[in-house]
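Colleague: Can you keep this structure in mind? I'll have questions shortly.
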Amino acid sequence: LEHSMQYNIWRAPTDNDRNIRNIWKETDYDRPVTRSYHTEYVLQTEKEKQFVEIDSNLSLLAIYRQRIMDIHAVWRVWEDGSLDVSLKVKKNPAFPRLPRFGVRLMLPAEMRQVEYYGLGPVESYVDKCRASWHGKFEETVDSLFEDYIYPQENGSHWDVSYVEAAGDRERISVASRTPFSFNASRYTQEELTEKAHNYEIVPCGHTVLCIDYRQDGIGSNSCGPEPEEQYRFLENEFTFSFGIRIGNNK
């Protein structure tokens, strides 16, 4: 990681988010602050292997409003640097539905090879996946990018069991027993949100890997209805668990 891992609830609004994007921005979903209230750690042993378990109660909150959500986070750090993560989330039901929930990792730019098992090879979302099929796919960060004229959320893959990003020397993989979605891009969602034309966007100098519990549906609200209810991110309580493994390419 070239920057600290971040909790992630914002996505660059799509054409179909043209109405709800104003609500999301008014609620400060695009700039949440993380605040920790209590954190403790303990060294433990399981099957003759040691790990440190970090237990934290924290929240994501808007700068000028009450908490968006409370998170009980348990990070288990193994001797080899592997991580097992459990995030128990309680969202404030007074807030509108979320664009997404997950974590964002800033990896070295040279980690541009991506392998995953899930819906591919074209981008897929919970309500936009009929052109995809389940399989093991090998891509690059550039081939995952969908070059929309108006920069926006793109290139996600839904119903994924694992994803691995690799460079010449290093690799990192994320896996979960519960299917998740991911993005891998040269651009941050802040950059895609800010710019109005595709020729204006500037790579951030990293491989941006987003691991999502889920995203809100895409729908058709640029000229039609919002996503149907079963595709909206309406959950106010959920748990997201996944493992992160690291290794060297030799």
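Following the order of the structure tokens, first chain is A, next is B, and so on, with residues numbered from 1 inside each chain and ligands from 1 in the order they appear.
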Among range 54-221 of chain A, which ones does DSSP assign to strand (DSSP E or B) (computed from the backbone)? Answer as JSON, numbers by chain.
Modeller: {"A": [54, 55, 56, 57, 58, 59, 60, 61, 67, 68, 69, 70, 71, 72, 73, 74, 75, 76, 77, 78, 83, 84, 85, 86, 87, 88, 89, 90, 91, 100, 101, 102, 103, 104, 105, 106, 107, 108, 113, 114, 115, 116, 117, 118, 119, 120, 125, 128, 133, 134, 135, 136, 137, 138, 139, 140, 157, 158, 159, 160, 161, 162, 163, 164, 165, 166, 170, 171, 172, 173, 174, 175, 176, 177, 178, 179, 180, 181, 182, 183, 184, 185, 206, 207, 208, 209, 210, 211, 212, 213, 214, 215]}
Colleague: As a PyMOL selection string, please: the residues near range 8-18 of chain A (cut-off 9 Å, only C-alpha atoms, same-chain neighbours under 6 positions excluded).
Modeller: chain A and resi 24+29-32+98-104+150-154+188-194+210-212+215+218-224+226
Colleague: Write the residues you've just listed into a file as a compact mmCIF listing (two decimals), in the first residue's frame, and include N, CA, C and O atoms for each of them.
Modeller:
# COMPACT_ATOMS: atom_id res chain seq x y z
N TRP A 24 -26.81 12.86 -2.40
CA TRP A 24 -25.59 12.27 -1.86
C TRP A 24 -24.58 13.35 -1.49
O TRP A 24 -23.94 13.28 -0.44
N TYR A 29 -21.63 12.55 1.47
CA TYR A 29 -21.10 11.21 1.23
C TYR A 29 -19.77 11.25 0.49
O TYR A 29 -19.02 10.28 0.51
N ASP A 30 -19.48 12.35 -0.19
CA ASP A 30 -18.24 12.46 -0.97
C ASP A 30 -17.05 12.86 -0.12
O ASP A 30 -15.92 12.88 -0.61
N ARG A 31 -17.25 13.17 1.16
CA ARG A 31 -16.11 13.56 2.01
C ARG A 31 -16.34 13.17 3.47
O ARG A 31 -16.30 14.01 4.38
N PRO A 32 -16.56 11.90 3.74
CA PRO A 32 -16.79 11.48 5.12
C PRO A 32 -15.49 11.50 5.93
O PRO A 32 -14.39 11.39 5.38
N LEU A 98 -26.87 4.44 0.44
CA LEU A 98 -25.46 4.66 0.14
C LEU A 98 -25.16 4.43 -1.34
O LEU A 98 -25.77 3.57 -1.98
N PRO A 99 -24.17 5.17 -1.90
CA PRO A 99 -23.68 4.83 -3.23
C PRO A 99 -22.96 3.49 -3.24
O PRO A 99 -23.08 2.71 -4.19
N ARG A 100 -22.20 3.22 -2.17
CA ARG A 100 -21.43 1.98 -2.06
C ARG A 100 -20.95 1.84 -0.63
O ARG A 100 -21.01 2.78 0.16
N PHE A 101 -20.41 0.67 -0.28
CA PHE A 101 -19.65 0.51 0.96
C PHE A 101 -18.54 -0.50 0.71
O PHE A 101 -18.77 -1.57 0.18
N GLY A 102 -17.34 -0.10 1.12
CA GLY A 102 -16.21 -1.01 1.01
C GLY A 102 -14.95 -0.34 1.50
O GLY A 102 -14.99 0.58 2.33
N VAL A 103 -13.81 -0.81 1.01
CA VAL A 103 -12.52 -0.23 1.34
C VAL A 103 -11.78 0.09 0.04
O VAL A 103 -12.03 -0.52 -1.00
N ARG A 104 -10.87 1.07 0.13
CA ARG A 104 -10.09 1.47 -1.04
C ARG A 104 -8.61 1.35 -0.72
O ARG A 104 -8.14 1.82 0.30
N TYR A 150 -18.50 11.24 -20.53
CA TYR A 150 -18.64 11.96 -19.27
C TYR A 150 -18.07 11.07 -18.17
O TYR A 150 -18.62 9.99 -17.89
N PRO A 151 -16.96 11.43 -17.53
CA PRO A 151 -16.33 10.56 -16.55
C PRO A 151 -17.29 10.19 -15.42
O PRO A 151 -18.03 11.05 -14.91
N GLN A 152 -17.27 8.92 -15.03
CA GLN A 152 -18.20 8.43 -14.02
C GLN A 152 -17.73 7.06 -13.53
O GLN A 152 -16.76 6.50 -14.04
N GLU A 153 -18.43 6.55 -12.53
CA GLU A 153 -18.18 5.19 -12.05
C GLU A 153 -18.18 4.23 -13.23
O GLU A 153 -19.05 4.28 -14.10
N ASN A 154 -17.20 3.33 -13.25
CA ASN A 154 -17.11 2.38 -14.36
C ASN A 154 -16.23 1.21 -13.99
O ASN A 154 -15.46 1.27 -13.03
N THR A 188 -8.95 7.96 -9.46
CA THR A 188 -9.75 7.97 -8.25
C THR A 188 -11.18 8.40 -8.57
O THR A 188 -11.43 9.06 -9.59
N GLN A 189 -12.11 8.07 -7.69
CA GLN A 189 -13.49 8.51 -7.91
C GLN A 189 -13.62 10.02 -7.75
O GLN A 189 -14.49 10.65 -8.36
N GLU A 190 -12.71 10.64 -6.96
CA GLU A 190 -12.73 12.10 -6.84
C GLU A 190 -12.39 12.75 -8.18
O GLU A 190 -13.00 13.75 -8.58
N GLU A 191 -11.39 12.20 -8.88
CA GLU A 191 -11.01 12.73 -10.19
C GLU A 191 -12.14 12.56 -11.19
O GLU A 191 -12.47 13.47 -11.96
N LEU A 192 -12.77 11.40 -11.20
CA LEU A 192 -13.87 11.14 -12.13
C LEU A 192 -15.08 12.01 -11.81
O LEU A 192 -15.84 12.39 -12.71
N THR A 193 -15.27 12.34 -10.53
CA THR A 193 -16.39 13.21 -10.14
C THR A 193 -16.16 14.64 -10.58
O THR A 193 -17.08 15.33 -11.03
N GLU A 194 -14.93 15.09 -10.48
CA GLU A 194 -14.62 16.50 -10.70
C GLU A 194 -14.63 16.89 -12.17
O GLU A 194 -15.03 18.01 -12.53
N CYS A 210 -10.71 -0.91 -5.39
CA CYS A 210 -11.87 -0.76 -4.50
C CYS A 210 -12.51 -2.12 -4.29
O CYS A 210 -12.86 -2.80 -5.27
N ILE A 211 -12.67 -2.50 -3.04
CA ILE A 211 -13.32 -3.74 -2.68
C ILE A 211 -14.64 -3.37 -2.01
O ILE A 211 -14.65 -2.74 -0.95
N ASP A 212 -15.76 -3.73 -2.65
CA ASP A 212 -17.07 -3.27 -2.21
C ASP A 212 -17.93 -4.41 -1.68
O ASP A 212 -18.06 -5.45 -2.35
N GLN A 215 -22.61 -2.04 -4.27
CA GLN A 215 -22.90 -0.70 -4.74
C GLN A 215 -24.40 -0.57 -4.97
O GLN A 215 -25.11 -1.57 -5.15
N ILE A 218 -27.49 0.62 -10.83
CA ILE A 218 -27.27 1.65 -11.85
C ILE A 218 -28.58 2.27 -12.31
O ILE A 218 -28.70 3.48 -12.46
N GLY A 219 -29.60 1.46 -12.54
CA GLY A 219 -30.90 1.99 -12.92
C GLY A 219 -30.90 2.68 -14.27
O GLY A 219 -30.04 2.44 -15.13
N SER A 220 -31.87 3.58 -14.47
CA SER A 220 -32.00 4.29 -15.75
C SER A 220 -32.54 5.70 -15.54
O SER A 220 -33.27 6.23 -16.37
N ASN A 221 -32.15 6.32 -14.43
CA ASN A 221 -32.77 7.57 -14.02
C ASN A 221 -32.28 8.81 -14.77
O ASN A 221 -32.68 9.92 -14.47
N SER A 222 -31.41 8.61 -15.79
CA SER A 222 -31.07 9.75 -16.64
C SER A 222 -32.26 10.14 -17.50
O SER A 222 -32.44 11.30 -17.86
N CYS A 223 -33.08 9.15 -17.83
CA CYS A 223 -34.29 9.42 -18.64
C CYS A 223 -35.43 8.50 -18.26
O CYS A 223 -36.48 8.51 -18.90
N GLY A 224 -35.24 7.68 -17.22
CA GLY A 224 -36.26 6.72 -16.80
C GLY A 224 -36.30 6.62 -15.30
O GLY A 224 -35.86 7.53 -14.58
N GLU A 226 -35.69 5.22 -11.29
CA GLU A 226 -34.59 4.81 -10.43
C GLU A 226 -34.48 3.29 -10.45
O GLU A 226 -35.36 2.60 -10.95
Colleague: Residues near Pro108 in chain A, anyone? I mean within 9 Å using only C-alpha atoms, not counting same-chain ones fewer than 2 positions away, as a list in words.
Modeller: Leu1, Glu2, Met106, Glu110, Met111, Arg112, Gly167, Gly205, His206, Thr207 and Val208 of chain A
Colleague: Store the residues picked out above, limited to C-alpha atoms, as a PDB file, in the first residue's frame.
Modeller:
ATOM      1  CA  LEU A   1       0.000   0.000   0.000  1.00  0.00           C
ATOM      2  CA  GLU A   2       1.259   3.456  -0.889  1.00  0.00           C
ATOM      3  CA  MET A 106      -3.806   2.581  -3.244  1.00  0.00           C
ATOM      4  CA  GLU A 110       3.059  -1.165 -11.735  1.00  0.00           C
ATOM      5  CA  MET A 111       0.554  -3.618 -10.187  1.00  0.00           C
ATOM      6  CA  ARG A 112      -1.593  -3.495 -13.312  1.00  0.00           C
ATOM      7  CA  GLY A 167       3.087  -6.467 -10.724  1.00  0.00           C
ATOM      8  CA  GLY A 205      -0.116   7.513 -10.108  1.00  0.00           C
ATOM      9  CA  HIS A 206      -1.439   4.411  -8.328  1.00  0.00           C
ATOM     10  CA  THR A 207      -3.556   1.376  -9.051  1.00  0.00           C
ATOM     11  CA  VAL A 208      -6.781   2.167  -7.190  1.00  0.00           C
TER      12      VAL A 208
END
Colleague: Pick out the residues sitting within 7 Å of Gln50 in chain A, and hand them over as a VMD selection string; count only C-alpha atoms, and ignore anything fewer than 3 positions along from it in its own chain.
Modeller: chain A and resid 44 to 46 78 to 79
Colleague: Report as an NGL selection string all protein, DNA and RNA residues lying within 12 Å of Tyr162 in chain A, evaluated on only C-alpha atoms, omitting residues in the same chain fewer than 3 positions from it.
Modeller: :A and (114-119 or 135-137 or 157-159 or 165 or 172-182 or 211-212 or 242-245)
Colleague: Pick the closest to Asn183 in chain A from A:Leu209, A:Leu83, A:Ile68, A:Val33: which is it, counting only C-alpha atoms?
Modeller: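 The shortest atom-to-atom distance to Asn183 in chain A comes from A:Leu209.
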Colleague: Which is closer to Lys195 in chain A than all the others in A:Tyr148, A:Tyr7, A:Trp75, A:Tyr37, using only C-alpha atoms?
Modeller: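 Ranked by minimum distance to Lys195 in chain A, first place goes to A:Tyr148.
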Colleague: Could you tell me how far CA of Leu105 in chain A lies from CA of Asn57 in chain A, in Å and to one decimal?
Modeller: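 Separation between CA of Leu105 in chain A and CA of Asn57 in chain A: 20.9 Å.
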Colleague: I need the residue nearest Glu164 in chain A from this list: A:Ala131, A:Tyr231, A:Gln113, A:Val122. Use only C-alpha atoms for the distance.
Modeller: A:Gln113
Colleague: List every residue of range 83-192 of chain A that DSSP, applied to the backbone, labels as helix (DSSP H, G or I), and write the result as a list of chain:residue names.
Modeller: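 Written out, the helix (DSSP H, G or I) residues of range 83-192 of chain A are A:Val141, A:Asp142, A:Ser143, A:Leu144, A:Gln189, A:Glu190, A:Glu191, A:Leu192.
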Colleague: Identify which of the residues A:Ile63, A:Met69, A:Thr34, A:Tyr187 lies closest to Asp147 in chain A, counting only C-alpha atoms when measuring atom-to-atom distances.
Modeller: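 Under the stated criterion, the closest residue is A:Tyr187.
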Colleague: Would you mind listing what lies within 8 Å of Ser132 in chain A as a ChimeraX atom specification, with only C-alpha atoms counted and same-chain residues fewer than 3 positions away left out?
Modeller: /A:119-124,129
Colleague: Take the residues from that selection and put them in a file with N, CA, C and O atoms, as a PDB file, in the first residue's frame.
Modeller:
ATOM      1  N   LEU A 119     -18.276 -12.284 -12.319  1.00  0.00           N
ATOM      2  CA  LEU A 119     -18.959 -11.924 -13.556  1.00  0.00           C
ATOM      3  C   LEU A 119     -18.042 -11.072 -14.436  1.00  0.00           C
ATOM      4  O   LEU A 119     -17.542 -10.040 -14.010  1.00  0.00           O
ATOM      5  N   GLY A 120     -17.829 -11.496 -15.652  1.00  0.00           N
ATOM      6  CA  GLY A 120     -16.985 -10.789 -16.600  1.00  0.00           C
ATOM      7  C   GLY A 120     -17.370 -11.204 -18.009  1.00  0.00           C
ATOM      8  O   GLY A 120     -18.333 -11.956 -18.207  1.00  0.00           O
ATOM      9  N   PRO A 121     -16.656 -10.753 -19.018  1.00  0.00           N
ATOM     10  CA  PRO A 121     -15.512  -9.854 -18.939  1.00  0.00           C
ATOM     11  C   PRO A 121     -15.893  -8.369 -18.975  1.00  0.00           C
ATOM     12  O   PRO A 121     -15.047  -7.535 -18.698  1.00  0.00           O
ATOM     13  N   VAL A 122     -17.136  -8.028 -19.354  1.00  0.00           N
ATOM     14  CA  VAL A 122     -17.536  -6.621 -19.385  1.00  0.00           C
ATOM     15  C   VAL A 122     -17.946  -6.189 -17.981  1.00  0.00           C
ATOM     16  O   VAL A 122     -18.200  -7.011 -17.103  1.00  0.00           O
ATOM     17  N   GLU A 123     -18.018  -4.872 -17.756  1.00  0.00           N
ATOM     18  CA  GLU A 123     -18.367  -4.387 -16.427  1.00  0.00           C
ATOM     19  C   GLU A 123     -19.742  -4.906 -16.014  1.00  0.00           C
ATOM     20  O   GLU A 123     -20.626  -5.134 -16.853  1.00  0.00           O
ATOM     21  N   SER A 124     -19.913  -5.105 -14.723  1.00  0.00           N
ATOM     22  CA  SER A 124     -21.183  -5.648 -14.238  1.00  0.00           C
ATOM     23  C   SER A 124     -21.520  -5.043 -12.884  1.00  0.00           C
ATOM     24  O   SER A 124     -20.640  -4.736 -12.075  1.00  0.00           O
ATOM     25  N   CYS A 129     -25.892  -6.897 -15.556  1.00  0.00           N
ATOM     26  CA  CYS A 129     -24.965  -8.030 -15.634  1.00  0.00           C
ATOM     27  C   CYS A 129     -25.383  -9.104 -16.635  1.00  0.00           C
ATOM     28  O   CYS A 129     -24.779 -10.169 -16.680  1.00  0.00           O
TER      29      CYS A 129
END
Colleague: Quick one: of A:Ser82, A:Ala109, A:Arg214, A:Asn198, who's nearest to Asp168 in chain A, counting only C-alpha atoms?
Modeller: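 Comparing A:Ser82, A:Ala109, A:Arg214, A:Asn198 against Asp168 in chain A, the winner is A:Ala109.
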Colleague: Go ahead and compute the interatomic distance for CA of Glu139 in chain A and CA of Gly155 in chain A, in Å to one decimal.
Modeller: 11.3 Å
